[in-house]
Amino acid sequence: MIDGLNGITGLVSSIDVLVEEGLLEKEGSFIKFRHDSIMQAVHDFTPESNISRLHLDIGSKIIAQVTSFPSDNHDVYKDFVGEALIVAADQINLSREKKDSAVPRVEFSPKQCITFAKINLKSAHKAGPDIDRALRNLKFGLSFLRDASKTIDHWKEHYNLSLSLSEEYAHAMFVKGGDSAEIIECVNEIIDNARCLEDSCKAYEVLILALYSSGKKLMAVDQALTILRKLNYPFPSQVDRQLTTDAMETTREFMTGLSIDDLIYYPLMTDELSIQTMKI
């Protein structure tokens, strides 16, 4: 990792001196500040323009180093690669944060934006139960996509990436209890750009949940009925006793001859569209 960072700054060529001075310490192939207060002091006294560039360079070098690992030893490096990508994403994202509005923002090419969006999506997947970290990565991933959209149509040229980031961000925002208006805006973008109805199902699910949780229960029900009708699972507008009886009888006939054990070991549903329909 240290070799991968060689040449980024003059600090790397003086690593041994800094270790001898007690500012840094080595842990295997890694280098870290001996104390958080030292790291903070260095950060505070470094011009913000240099800090942003340094974060970008470190993140880029880590990505380059990780992607150079031989693919035939993927299992050997799997855990390390996952952790390295998280660090890389954090560094890249820090390069976008600036406190001084007078400092020019670091500009990225469309290719860089797409690469960093992918890195953030992978990092979000590595976040596990840490919803705050996942949400942060997904938000930055989307911001890179939107930067790329200044010169390319990211929904057209990087559809799967755009769909995954948007779906997961909307869902994470809902789980976190985020702003309903922002969730709905993100969901509507998915619906507007989805190539087929199936690709918009997860977005509709989040939309229904967001409407319901914000107190718009009737709108949520109407939205659910609308999408189910589009999926060829229409619900009757009026329900009476006869309709209920007929439905129960149909279910009873289907289950005739099935034991409790049969039901327990009945094959799980595998069709993604059917699963998503059940969720709605």
# chains A, B, ... in the order shown; residues from 1 in each chain; ligands from 1
call {"tool": "residues_around", "arguments": {"residues": "Val187 of chain A", "least_positions_apart": "5", "cutoff": "7 Å", "atoms": "only C-alpha atoms", "output": "PyMOL selection string"}}
result
chain A and resi 170+203+207
call {"tool": "write_last_selection", "arguments": {"atoms": "all heavy atoms", "output": "short mmCIF file (atom, residue, chain, number, x, y, z; two decimals), in the first residue's frame"}}
result
data_model
loop_
_atom_site.label_atom_id
_atom_site.label_comp_id
_atom_site.auth_asym_id
_atom_site.auth_seq_id
_atom_site.Cartn_x
_atom_site.Cartn_y
_atom_site.Cartn_z
N ALA A 170 -32.70 5.62 -2.02
CA ALA A 170 -34.08 5.90 -1.62
C ALA A 170 -34.49 5.00 -0.46
O ALA A 170 -35.10 5.45 0.52
CB ALA A 170 -35.03 5.70 -2.80
N ALA A 203 -38.78 0.93 -6.51
CA ALA A 203 -39.01 2.36 -6.30
C ALA A 203 -40.45 2.60 -5.85
O ALA A 203 -40.71 3.40 -4.94
CB ALA A 203 -38.73 3.13 -7.58
N LEU A 207 -41.83 4.30 -2.46
CA LEU A 207 -42.77 5.42 -2.57
C LEU A 207 -44.00 5.18 -1.71
O LEU A 207 -44.45 6.08 -0.98
CB LEU A 207 -43.18 5.61 -4.03
CG LEU A 207 -44.26 6.66 -4.31
CD1 LEU A 207 -43.80 8.05 -3.84
CD2 LEU A 207 -44.61 6.69 -5.80
#
call {"tool": "residues_around", "arguments": {"residues": "Val42 of chain A", "least_positions_apart": "3", "cutoff": "12 Å", "atoms": "only C-alpha atoms", "output": "list in words"}}
result
Leu11, Leu23, Leu24, Phe33, His35, Asp36, Ser37, Ile38, Met39, Phe45, Thr46, Pro47, Glu48, Asn50 and Ile51 of chain A
call {"tool": "write_last_selection", "arguments": {"atoms": "C-alpha atoms", "output": "mmCIF file, in the first residue's frame"}}
result
data_model
loop_
_atom_site.group_PDB
_atom_site.id
_atom_site.type_symbol
_atom_site.label_atom_id
_atom_site.label_comp_id
_atom_site.auth_asym_id
_atom_site.auth_seq_id
_atom_site.Cartn_x
_atom_site.Cartn_y
_atom_site.Cartn_z
ATOM 1 C CA LEU A 11 5.787 13.127 2.959
ATOM 2 C CA LEU A 23 4.687 11.492 14.416
ATOM 3 C CA LEU A 24 3.860 8.296 12.531
ATOM 4 C CA PHE A 33 -0.489 8.879 12.748
ATOM 5 C CA HIS A 35 -2.256 10.026 17.698
ATOM 6 C CA ASP A 36 -5.468 11.526 16.334
ATOM 7 C CA SER A 37 -4.458 14.963 17.606
ATOM 8 C CA ILE A 38 -1.357 14.873 15.372
ATOM 9 C CA MET A 39 -3.463 13.999 12.350
ATOM 10 C CA PHE A 45 -2.542 23.617 9.075
ATOM 11 C CA THR A 46 -2.615 22.332 5.509
ATOM 12 C CA PRO A 47 -4.299 24.608 2.918
ATOM 13 C CA GLU A 48 -7.721 23.258 1.999
ATOM 14 C CA ASN A 50 -3.958 20.852 -0.904
ATOM 15 C CA ILE A 51 -6.069 18.729 1.436
#
call {"tool": "residues_around", "arguments": {"residues": "Ala220 of chain A", "least_positions_apart": "6", "cutoff": "7 Å", "atoms": "only C-alpha atoms", "output": "list in words"}}
result
Ile208, Leu211 and Tyr212 of chain A
call {"tool": "closest_residue", "arguments": {"among": "A:Phe116, A:Phe108, A:Phe174, A:Tyr169", "to": "Thr151 of chain A", "atoms": "only C-alpha atoms"}}
result
A:Phe108
call {"tool": "atom_distance", "arguments": {"atom1": "atom CA of Ala247 of chain A", "atom2": "atom CA of Leu228 of chain A"}}
result
17.6 Å
call {"tool": "decode", "arguments": {"residues": "segment 41-64 of chain A", "atoms": "C-alpha atoms", "output": "compact mmCIF listing (two decimals), in the first residue's frame"}}
result
# COMPACT_ATOMS: atom_id res chain seq x y z
CA ALA A 41 -3.09 19.34 13.57
CA VAL A 42 -1.60 18.40 10.20
CA HIS A 43 -5.04 18.62 8.63
CA ASP A 44 -5.80 22.01 10.18
CA PHE A 45 -2.54 23.62 9.08
CA THR A 46 -2.61 22.33 5.51
CA PRO A 47 -4.30 24.61 2.92
CA GLU A 48 -7.72 23.26 2.00
CA SER A 49 -6.89 23.14 -1.71
CA ASN A 50 -3.96 20.85 -0.90
CA ILE A 51 -6.07 18.73 1.44
CA SER A 52 -8.69 18.09 -1.24
CA ARG A 53 -6.06 17.13 -3.78
CA LEU A 54 -4.28 14.91 -1.25
CA HIS A 55 -7.48 13.02 -0.42
CA LEU A 56 -8.15 12.53 -4.13
CA ASP A 57 -4.61 11.31 -4.82
CA ILE A 58 -4.64 8.87 -1.90
CA GLY A 59 -8.02 7.45 -2.89
CA SER A 60 -7.00 7.13 -6.54
CA LYS A 61 -3.74 5.40 -5.67
CA ILE A 62 -5.52 2.90 -3.42
CA ILE A 63 -8.00 2.10 -6.20
CA ALA A 64 -5.15 1.64 -8.69
